[in-house]
>>> print(open('query33.csv').read())   # CSV, C-alpha atoms
chain,number,residue,atom,x,y,z
T,138,MET,CA,0.0,0.0,0.0
T,139,SER,CA,1.4,3.4,-0.9
T,140,ASP,CA,1.9,6.1,1.8
T,141,HIS,CA,-1.0,8.0,0.2
T,142,GLN,CA,-3.4,5.1,0.6
T,143,THR,CA,-2.3,4.4,4.2
T,144,GLU,CA,-2.9,8.0,5.0
T,145,THR,CA,-6.3,8.0,3.4
T,146,LYS,CA,-7.3,5.0,5.3
T,147,ARG,CA,-6.4,6.6,8.6
T,148,ASN,CA,-8.6,9.5,7.5
T,149,ALA,CA,-11.5,7.2,6.8
T,150,ALA,CA,-13.9,9.5,8.7
T,151,ILE,CA,-12.6,12.7,7.1
T,152,HIS,CA,-14.2,13.5,3.8
T,153,ILE,CA,-11.5,14.7,1.5
T,154,ASP,CA,-12.5,16.6,-1.7
T,155,HIS,CA,-9.3,16.9,-3.7
T,156,LYS,CA,-9.1,20.0,-5.8
T,157,PRO,CA,-5.4,21.0,-5.9
T,158,LEU,CA,-4.6,24.5,-6.9
T,159,SER,CA,-2.6,27.4,-5.7
T,160,PHE,CA,-3.2,31.1,-5.3
T,161,GLN,CA,-1.9,34.1,-3.4
T,162,ILE,CA,-3.9,36.3,-1.0
T,163,ARG,CA,-3.1,39.6,0.5
T,164,LEU,CA,-3.8,39.6,4.2
T,165,ALA,CA,-2.8,42.5,6.5
T,166,GLU,CA,-0.5,43.6,3.7
T,167,LEU,CA,1.3,40.3,3.6
T,168,CYS,CA,1.4,38.1,0.6
T,169,ILE,CA,0.5,34.5,1.5
T,170,GLU,CA,0.6,31.7,-1.1
T,171,ILE,CA,-1.8,28.9,-0.4
T,172,HIS,CA,-1.6,25.4,-2.1
T,173,GLN,CA,-5.1,24.2,-1.4
T,174,LEU,CA,-5.8,20.5,-1.1
T,175,ASN,CA,-9.6,20.6,-0.8
T,176,ARG,CA,-12.2,22.2,-3.0
T,177,GLY,CA,-13.6,25.4,-1.5
T,178,ILE,CA,-10.5,27.1,0.0
T,179,ARG,CA,-10.0,29.4,-2.9
T,180,HIS,CA,-13.7,30.3,-2.9
T,181,TYR,CA,-13.5,31.0,0.9
T,182,CYS,CA,-10.6,33.4,0.3
T,183,ARG,CA,-12.0,34.9,-2.9
T,184,ASP,CA,-12.2,38.5,-1.8
T,185,TYR,CA,-8.5,38.5,-0.8
T,186,ILE,CA,-6.9,36.8,-3.8
T,187,ILE,CA,-4.2,38.6,-5.7
T,188,GLU,CA,-5.3,39.0,-9.3
T,189,GLY,CA,-3.7,36.6,-11.7
T,190,SER,CA,-2.2,34.4,-9.0
T,191,VAL,CA,-4.4,31.3,-9.3
T,192,ARG,CA,-2.7,28.2,-10.8
T,193,GLU,CA,-4.5,24.9,-11.4
T,194,GLY,CA,-3.0,21.6,-10.3
T,195,ASP,CA,-0.7,20.5,-7.5
T,196,ASP,CA,2.6,20.4,-9.4
T,197,ILE,CA,3.5,24.0,-8.4
T,198,SER,CA,6.3,24.1,-5.9
T,199,ALA,CA,6.9,27.2,-3.9
T,200,SER,CA,10.2,27.8,-5.6
T,201,ASP,CA,8.6,28.0,-9.1
T,202,ARG,CA,6.8,31.1,-8.0
T,203,ILE,CA,9.8,33.1,-7.3
T,204,ASP,CA,9.4,34.8,-10.6
T,205,GLY,CA,7.4,37.4,-8.7
T,206,SER,CA,4.5,37.1,-11.1
T,207,SER,CA,2.0,38.4,-8.7
T,208,CYS,CA,3.2,39.1,-5.2
T,209,ARG,CA,4.6,42.5,-4.2
T,210,ASP,CA,6.8,43.7,-7.0
T,211,ASP,CA,9.6,41.3,-7.5
T,212,SER,CA,9.3,39.8,-4.1
T,213,VAL,CA,8.6,36.3,-2.9
T,214,PRO,CA,5.6,35.4,-0.8
T,215,ASP,CA,5.9,36.2,2.9
T,216,LEU,CA,4.5,32.7,3.6
T,217,VAL,CA,3.8,29.6,1.6
T,218,LEU,CA,1.3,27.1,3.0
T,219,GLY,CA,0.0,23.8,1.9
T,220,ILE,CA,-1.6,21.2,4.1
T,221,THR,CA,-0.7,17.5,3.9
T,222,GLU,CA,-3.0,14.6,4.8
T,223,ALA,CA,-0.9,14.1,7.9
T,224,ASP,CA,-1.6,17.7,8.9
T,225,LEU,CA,-5.3,17.0,8.4
T,226,THR,CA,-5.2,14.0,10.7
T,227,GLU,CA,-3.4,16.1,13.3
T,228,GLU,CA,-5.9,18.9,12.9
T,229,ASN,CA,-8.7,16.5,13.4
T,230,GLU,CA,-7.1,15.2,16.6
T,231,ARG,CA,-6.8,18.8,17.8
T,232,ALA,CA,-10.5,19.3,17.1
T,233,ILE,CA,-11.4,16.2,19.1
T,234,HIS,CA,-9.2,17.6,21.9
T,235,TYR,CA,-10.8,21.0,22.0
T,236,PHE,CA,-14.4,20.5,20.9
T,237,GLY,CA,-14.8,16.9,22.0
T,238,TYR,CA,-15.6,15.7,18.5
T,239,GLY,CA,-13.8,15.4,15.2
T,240,MET,CA,-14.8,17.0,11.9
T,241,SER,CA,-15.8,15.0,8.9
T,242,SER,CA,-15.1,17.9,6.5
T,243,ALA,CA,-11.4,18.1,5.4
T,244,ARG,CA,-12.2,21.5,4.0
T,245,GLU,CA,-13.1,22.8,7.5
T,246,LEU,CA,-10.0,21.2,8.9
T,247,GLU,CA,-7.9,22.8,6.2
T,248,LYS,CA,-9.3,26.2,7.0
T,249,LEU,CA,-8.6,25.8,10.7
T,250,TRP,CA,-5.1,24.6,9.9
T,251,LEU,CA,-4.3,27.5,7.5
T,252,TYR,CA,-5.4,30.3,9.9
T,253,ARG,CA,-3.4,28.7,12.7
T,254,GLU,CA,-0.3,28.6,10.5
T,255,ILE,CA,-0.9,32.2,9.5
T,256,ALA,CA,-1.4,33.3,13.1
T,257,GLU,CA,1.8,31.5,14.1
T,258,HIS,CA,3.7,33.6,11.5
T,259,LEU,CA,2.1,37.0,12.1
T,260,PRO,CA,4.0,38.2,15.2
T,261,PHE,CA,7.2,38.2,13.1
T,262,ARG,CA,5.5,40.8,11.0
T,263,ASP,CA,4.3,43.0,13.9
T,264,THR,CA,0.8,41.6,13.5
T,265,PHE,CA,-1.4,39.3,15.5
T,266,LEU,CA,-4.8,37.6,15.5
T,267,MET,CA,-7.4,38.6,18.0
T,268,HIS,CA,-10.8,37.2,18.9
T,269,ALA,CA,-12.9,40.3,18.4
T,270,ALA,CA,-15.4,42.1,16.2
T,271,ALA,CA,-13.7,44.8,14.1
T,272,ILE,CA,-15.6,47.7,12.6
T,273,ALA,CA,-15.0,51.2,11.2
T,274,VAL,CA,-17.2,54.2,11.6
T,275,ASP,CA,-16.4,57.2,9.4
T,276,GLY,CA,-13.0,55.5,8.7
T,277,ASP,CA,-12.0,55.1,12.4
T,278,GLY,CA,-11.5,51.5,13.5
T,279,TYR,CA,-12.9,50.0,16.7
T,280,LEU,CA,-12.5,46.5,18.3
T,281,PHE,CA,-15.1,44.8,20.5
T,282,THR,CA,-13.7,41.8,22.3
T,283,GLY,CA,-14.7,39.4,25.0
T,284,PRO,CA,-15.2,35.7,25.5
T,285,SER,CA,-17.6,33.8,23.1
T,286,GLY,CA,-21.2,34.5,23.9
T,287,THR,CA,-20.8,38.0,25.3
T,288,GLY,CA,-22.6,39.6,22.4
T,289,LYS,CA,-19.9,41.0,20.1
T,290,THR,CA,-21.9,40.3,17.0
T,291,THR,CA,-25.2,41.5,18.6
T,292,HIS,CA,-23.4,44.7,19.6
T,293,ILE,CA,-22.0,45.5,16.3
T,294,LYS,CA,-25.4,45.0,14.7
T,295,LEU,CA,-26.7,47.7,17.0
T,296,TRP,CA,-24.0,50.0,15.7
T,297,LYS,CA,-25.0,49.1,12.2
T,298,LYS,CA,-28.6,50.1,12.9
T,299,LEU,CA,-27.3,53.4,14.4
T,300,PHE,CA,-24.7,54.3,11.8
T,301,ASP,CA,-25.9,52.4,8.7
T,302,GLU,CA,-23.8,53.4,5.8
T,303,ARG,CA,-21.2,55.2,7.8
T,304,MET,CA,-20.2,51.9,9.3
T,305,THR,CA,-18.2,49.0,7.9
T,306,ILE,CA,-18.0,45.5,9.5
T,307,ILE,CA,-14.3,44.6,8.9
T,308,ASN,CA,-14.5,41.2,10.5
T,309,ASP,CA,-16.9,39.9,13.1
T,310,ASP,CA,-14.8,37.4,14.8
T,311,LYS,CA,-11.1,37.0,14.0
T,312,PRO,CA,-9.6,40.3,12.6
T,313,LEU,CA,-5.8,40.9,12.3
T,314,ILE,CA,-4.1,43.8,14.1
T,315,ARG,CA,-0.9,45.3,12.9
T,316,VAL,CA,1.1,47.3,15.4
T,317,GLY,CA,3.2,49.4,13.2
T,318,ALA,CA,5.8,52.0,14.2
T,319,ASP,CA,3.5,54.9,13.5
T,320,GLU,CA,0.1,53.4,13.4
T,321,ILE,CA,-2.0,50.5,14.8
T,322,ARG,CA,-4.3,49.1,12.1
T,323,ILE,CA,-7.0,46.5,11.9
T,324,PHE,CA,-7.5,44.3,8.9
T,325,GLY,CA,-10.3,42.1,7.5
T,326,SER,CA,-9.7,38.4,6.8
T,327,PRO,CA,-11.7,35.7,5.1
T,328,TRP,CA,-11.6,33.8,8.4
T,329,CYS,CA,-14.6,35.2,10.4
T,330,GLY,CA,-17.7,34.3,12.3
T,331,LYS,CA,-20.6,32.1,11.3
T,332,GLU,CA,-22.4,34.9,9.5
T,333,ARG,CA,-19.4,35.6,7.3
T,334,LEU,CA,-19.4,39.3,8.1
T,335,ASN,CA,-16.1,40.5,6.7
T,336,GLN,CA,-14.6,42.9,4.2
T,337,ASN,CA,-11.2,43.1,2.6
T,338,THR,CA,-10.4,46.5,4.1
T,339,SER,CA,-8.6,48.1,7.0
T,340,ALA,CA,-8.8,51.1,9.3
T,341,PRO,CA,-6.6,52.8,11.9
T,342,LEU,CA,-7.6,51.6,15.4
T,343,ALA,CA,-9.1,54.2,17.6
T,344,GLY,CA,-10.2,52.2,20.6
T,345,ILE,CA,-11.0,48.8,22.1
T,346,VAL,CA,-14.1,47.8,24.0
T,347,CYS,CA,-14.1,44.7,26.3
T,348,LEU,CA,-17.7,43.6,26.4
T,349,GLU,CA,-19.5,42.2,29.4
T,350,GLN,CA,-23.2,41.5,29.7
T,351,ALA,CA,-25.1,43.5,32.4
T,352,LYS,CA,-28.6,44.9,33.1
T,353,GLU,CA,-27.5,48.5,32.9
T,354,ASN,CA,-25.2,50.1,30.5
T,355,ARG,CA,-21.9,51.4,31.9
T,356,ILE,CA,-18.5,52.1,30.3
T,357,THR,CA,-15.2,52.8,32.1
T,358,ARG,CA,-11.7,53.1,30.9
T,359,LEU,CA,-9.6,50.1,32.0
T,360,PRO,CA,-6.3,50.6,33.8
T,361,ARG,CA,-3.3,49.0,32.1
T,362,GLN,CA,-3.1,45.9,34.2
T,363,ALA,CA,-6.7,45.1,33.7
T,364,ALA,CA,-6.4,45.7,30.0
T,365,TRP,CA,-3.5,43.3,29.8
T,366,GLU,CA,-5.5,40.5,31.3
T,367,ARG,CA,-8.6,41.1,29.3
T,368,LEU,CA,-6.8,41.4,25.9
T,369,MET,CA,-4.3,38.6,26.4
T,370,ASN,CA,-7.2,36.2,26.9
T,371,GLN,CA,-8.5,37.0,23.5
T,372,ILE,CA,-5.3,37.4,21.5
T,373,TYR,CA,-3.8,34.4,19.7
T,374,ARG,CA,-1.0,32.9,21.7
T,375,SER,CA,1.6,31.2,19.7
T,376,ARG,CA,3.1,27.9,20.8
T,377,ASN,CA,6.5,29.2,19.6
T,378,ALA,CA,8.2,31.0,22.4
T,379,GLU,CA,9.8,33.7,20.2
T,380,ALA,CA,6.5,34.4,18.5
T,381,LEU,CA,4.7,34.6,21.8
T,382,GLU,CA,7.3,37.0,23.2
T,383,ARG,CA,6.7,39.2,20.2
T,384,THR,CA,3.0,39.0,20.7
T,385,LEU,CA,3.4,40.2,24.3
T,386,ALA,CA,5.6,43.2,23.1
T,387,LEU,CA,2.9,44.0,20.5
T,388,THR,CA,0.1,43.8,23.1
T,389,ASP,CA,2.1,46.2,25.2
T,390,ARG,CA,2.4,48.7,22.4
T,391,LEU,CA,-1.3,48.2,21.6
T,392,ILE,CA,-2.3,49.0,25.2
T,393,SER,CA,-0.1,52.1,25.2
T,394,GLY,CA,-1.3,53.2,21.8
T,395,VAL,CA,-5.1,53.0,22.1
T,396,PRO,CA,-7.6,53.4,25.0
T,397,VAL,CA,-9.2,50.2,26.3
T,398,TYR,CA,-12.6,50.3,27.8
T,399,LEU,CA,-14.8,47.9,29.8
T,400,MET,CA,-18.4,48.1,28.7
T,401,GLN,CA,-21.0,46.4,30.8
T,402,CYS,CA,-24.1,46.5,28.6
T,403,ASN,CA,-27.5,45.3,27.7
T,404,MET,CA,-28.2,44.8,24.1
T,405,LYS,CA,-30.4,47.9,23.6
T,406,LYS,CA,-29.7,50.6,21.1
T,407,ASP,CA,-28.6,53.0,23.9
T,408,ALA,CA,-25.6,50.7,24.4
T,409,ALA,CA,-24.2,51.5,21.0
T,410,ARG,CA,-24.8,55.2,21.5
T,411,MET,CA,-23.0,55.2,24.8
T,412,ALA,CA,-20.1,53.2,23.5
T,413,TYR,CA,-19.6,55.5,20.5
T,414,ALA,CA,-19.8,58.6,22.8
T,415,ALA,CA,-17.1,57.2,25.0
T,416,LEU,CA,-14.9,56.1,22.1
T,417,THR,CA,-15.0,59.5,20.4
T,418,THR,CA,-14.4,61.6,23.5
T,419,PRO,CA,-10.7,62.6,23.7
T,420,ALA,CA,-9.2,60.4,26.4
T,421,HIS,CA,-8.0,63.3,28.5
T,422,LEU,CA,-11.6,64.6,28.8
T,423,TYR,CA,-13.0,61.3,29.7
T,424,PHE,CA,-12.1,61.0,33.3
V,107,MET,CA,12.5,23.4,42.0
V,108,LYS,CA,12.3,25.7,39.1
V,109,LEU,CA,9.9,27.5,36.8
V,110,LYS,CA,9.1,25.4,33.8
V,111,GLU,CA,11.1,26.4,30.7
V,112,ASP,CA,7.9,27.0,28.7
V,113,TYR,CA,7.0,30.1,30.8
V,114,ILE,CA,7.7,33.5,29.3
V,115,ILE,CA,8.1,36.4,31.6
V,116,TYR,CA,7.4,39.9,30.2
V,117,ASN,CA,8.0,43.2,31.9
V,118,ALA,CA,4.6,44.9,31.4
V,119,SER,CA,5.7,48.0,33.3
V,120,GLU,CA,8.1,49.0,36.0
V,121,GLU,CA,5.7,47.7,38.6
V,122,GLU,CA,4.4,44.6,36.9
V,123,LEU,CA,5.5,41.4,35.2
V,124,ILE,CA,3.3,39.0,33.2
V,125,ALA,CA,3.9,35.3,32.6
V,126,VAL,CA,2.3,33.1,30.1
V,127,ALA,CA,2.9,29.6,28.9
V,128,THR,CA,4.0,28.6,25.5
V,129,GLY,CA,4.7,25.3,23.7
V,130,ASP,CA,3.1,22.1,25.2
V,131,GLU,CA,2.7,23.8,28.5
V,132,ALA,CA,0.1,26.2,27.0
V,133,GLU,CA,-2.2,23.1,26.9
V,134,ASN,CA,-2.1,23.0,30.7
V,135,PHE,CA,-2.2,26.7,31.5
V,136,ASN,CA,-3.8,29.2,29.1
V,137,GLY,CA,-4.2,31.9,31.7
V,138,LEU,CA,-2.0,34.9,32.5
V,139,LEU,CA,0.0,35.3,35.7
V,140,ARG,CA,0.4,38.9,36.9
V,141,ALA,CA,3.2,39.6,39.4
V,142,ASN,CA,4.3,42.7,41.2
V,143,LYS,CA,8.0,43.5,41.6
V,144,THR,CA,8.5,41.1,44.5
V,145,ALA,CA,6.6,38.2,43.0
V,146,GLY,CA,8.4,39.0,39.7
V,147,ALA,CA,11.8,38.7,41.5
V,148,ILE,CA,10.8,35.3,42.9
V,149,MET,CA,9.9,34.2,39.4
V,150,GLU,CA,13.2,35.4,38.0
V,151,TYR,CA,15.1,33.4,40.6
V,152,LEU,CA,13.1,30.4,39.8
V,153,ARG,CA,14.5,30.4,36.3
V,154,GLU,CA,17.4,28.5,37.9
V,155,ASP,CA,17.0,25.4,40.1
V,156,ILE,CA,16.7,26.7,43.7
V,157,THR,CA,15.4,25.6,47.1
V,158,GLU,CA,12.8,27.5,49.1
V,159,ASP,CA,15.4,28.4,51.7
V,160,GLU,CA,17.8,29.7,49.1
V,161,LEU,CA,15.0,31.7,47.6
V,162,VAL,CA,14.2,33.3,50.9
V,163,GLY,CA,17.9,34.1,51.4
V,164,LYS,CA,18.1,35.9,48.0
V,165,MET,CA,15.0,37.8,48.7
V,166,LEU,CA,16.2,38.9,52.1
V,167,ASP,CA,19.4,40.3,50.5
V,168,ARG,CA,17.4,42.2,48.0
V,169,PHE,CA,14.3,43.5,49.7
V,170,ASP,CA,14.0,45.4,53.0
V,171,ALA,CA,11.6,43.1,54.9
V,172,THR,CA,11.7,40.7,57.8
V,173,GLU,CA,12.5,37.0,57.2
V,174,GLU,CA,9.0,36.2,58.4
V,175,GLU,CA,7.4,38.5,55.8
V,176,ILE,CA,9.7,37.2,53.0
V,177,ARG,CA,9.0,33.6,53.9
V,178,ALA,CA,5.3,34.2,53.8
V,179,GLY,CA,5.6,36.0,50.5
V,180,VAL,CA,7.6,33.2,48.9
V,181,LYS,CA,5.2,30.6,50.1
V,182,ASP,CA,2.3,32.6,48.7
V,183,VAL,CA,3.9,33.0,45.2
V,184,LEU,CA,5.1,29.3,45.2
V,185,GLY,CA,1.5,28.3,46.1
V,186,THR,CA,0.1,30.2,43.1
V,187,LEU,CA,2.7,28.8,40.7
V,188,ARG,CA,2.2,25.3,41.9
V,189,GLU,CA,-1.6,25.7,41.6
V,190,VAL,CA,-1.3,26.4,37.9
V,191,GLY,CA,1.4,23.7,37.5
V,192,ALA,CA,4.2,26.1,36.6
V,193,ILE,CA,6.8,24.6,38.9
V,194,GLU,CA,9.1,21.6,38.2
V,195,GLU,CA,10.0,20.0,41.6
>>> encode(input="query33.csv", output="structure tokens")
Amino acid sequence: MSDHQTETKRNAAIHIDHKPLSFQIRLAELCIEIHQLNRGIRHYCRDYIIEGSVREGDDISASDRIDGSSCRDDSVPDLVLGITEADLTEENERAIHYFGYGMSSARELEKLWLYREIAEHLPFRDTFLMHAAAIAVDGDGYLFTGPSGTGKTTHIKLWKKLFDERMTIINDDKPLIRVGADEIRIFGSPWCGKERLNQNTSAPLAGIVCLEQAKENRITRLPRQAAWERLMNQIYRSRNAEALERTLALTDRLISGVPVYLMQCNMKKDAARMAYAALTTPAHLYF
Amino acid sequence: MKLKEDYIIYNASEEELIAVATGDEAENFNGLLRANKTAGAIMEYLREDITEDELVGKMLDRFDATEEEIRAGVKDVLGTLREVGAIEE
């Protein structure tokens, strides 16, 4: 039996839908080349694909692409990713470990694997992944974060009602944050929440709100230490020590660079008004 | 005893250190440890293999406090670190 057949047998419960092709996406200004194994990955990433970068078939090795045909002018991709069947099995075991059940769809496993690989690499480019809803109002970016089930999506929908066309939903669940030398910026990504709310766009970050459910609406600025704890619990933590150290340094700069608020709120429209008022009041006037 | 290698200590400010776990250890502890200057010093000493008495000795040299206070502080920090499984005995 060939290696390939053995591997497939081990994956008996995983439904693989082979459709090998490669393409490049631009994500938080990085060029990432993806060699997809399963049908549907390219479609999932469609809004982020660099024009002219799609190649059919699986005979394209990364080194063949160094002609710079599509990435940043004359440069090679920042990251080249292609899942193997062994990775799929491992990803499934991870799913069993975290969720208590495996996944039958190899495509879903491939998506999970890809974003984890990307997230592991990001800190080396001053960027990290955060569990949050990212929006922009009149061009200014805001992040709403908190554990699952605290109402991030519900809250940004209130904002949408309030601001309508002035507001853009950048990503409702897993946006990317780049802490540059001069600017902190939030970016959209195809990997997002169940409702697929995302846009291939970015905005300078103006404030972060940690959400907590409560009967009455209340918003307060968080002191540094409290901000650290709240944010670190929602920021992707690399398993690589150097990447994690970088993530900590980036978080530090994030906390120094933008105000962090704790908002205890109900899900009525007033909550959105209050949050916006706090976020747009100059910090020195706020106390 | 010593702090497990997989723990990363970060100086969040002059007054505070933060420790998180990486690698395989992140599976066991995905929280965040916050330490003030004294607790941070204890964690730094725990980077090397050290006994509780040696730790108390080093802290006594460094901080202006009674042995009783230092011993209680060390016990307290070690208790927290053991609770999350950050110590290798």
>>> atom_distance(input="query33.csv", atom1="CA of Ile392 in chain T", atom2="CA of Phe300 in chain T")
26.6 Å
>>> closest_atom_pairs(input="query33.csv", of="range 278-390 of chain T", to="range 134-138 of chain V", cutoff="10 Å", atoms="only C-alpha atoms", output="CSV")
residue,atom,partner,partner_atom,distance
T:Trp365,CA,V:Leu138,CA,8.9
T:Glu366,CA,V:Leu138,CA,6.7
T:Arg367,CA,V:Leu138,CA,9.6
T:Met369,CA,V:Leu138,CA,7.5
T:Asn370,CA,V:Gly137,CA,7.1
T:Arg374,CA,V:Asn136,CA,8.7
>>> interface_residues(input="query33.csv", of="chain T", to="chain V", cutoff="7 Å", atoms="only C-alpha atoms", output="list in words")
Glu366, Ser375, Arg376, Asn377, Ala378 and Asp389 of chain T
>>> closest_residue(input="query33.csv", among="T:Cys182, T:Ala256, T:Ile151, T:Ala269", to="Glu222 in chain T", atoms="all atoms listed in the file")
T:Ile151
>>> atom_distance(input="query33.csv", atom1="CA of Tyr252 in chain T", atom2="CA of His292 in chain T")
25.0 Å
>>> atom_distance(input="query33.csv", atom1="CA of Trp296 in chain T", atom2="CA of Val395 in chain T")
20.2 Å
>>> residues_around(input="query33.csv", residues="range 310-318 of chain T", least_positions_apart="5", cutoff="10 Å", atoms="all atoms listed in the file", output="PyMOL selection string")
chain T and resi 164-166+252+256+259-260+262-272+280-282+285+289-290+323-335+339-342+371-373+386-391+394
>>> residues_around(input="query33.csv", residues="Glu170 in chain T", least_positions_apart="2", cutoff="7 Å", atoms="all atoms listed in the file", output="list in words")
Phe160, Gln161, Ile162, Cys168, His172, Pro214, Leu216, Val217 and Leu218 of chain T
>>> residues_around(input="query33.csv", residues="range 185-192 of chain V", least_positions_apart="2", cutoff="6 Å", atoms="all atoms listed in the file", output="PyMOL selection string")
chain V and resi 109-110+181-183
>>> residues_around(input="query33.csv", residues="Lys405 in chain T", least_positions_apart="2", cutoff="12 Å", atoms="only C-alpha atoms", output="PyMOL selection string")
chain T and resi 288+291-296+298-299+350-354+401-403+407-412
>>> closest_residue(input="query33.csv", among="V:Val180, V:Glu120, V:Asn142, V:Glu195", to="Leu161 in chain V", atoms="all atoms listed in the file")
V:Val180
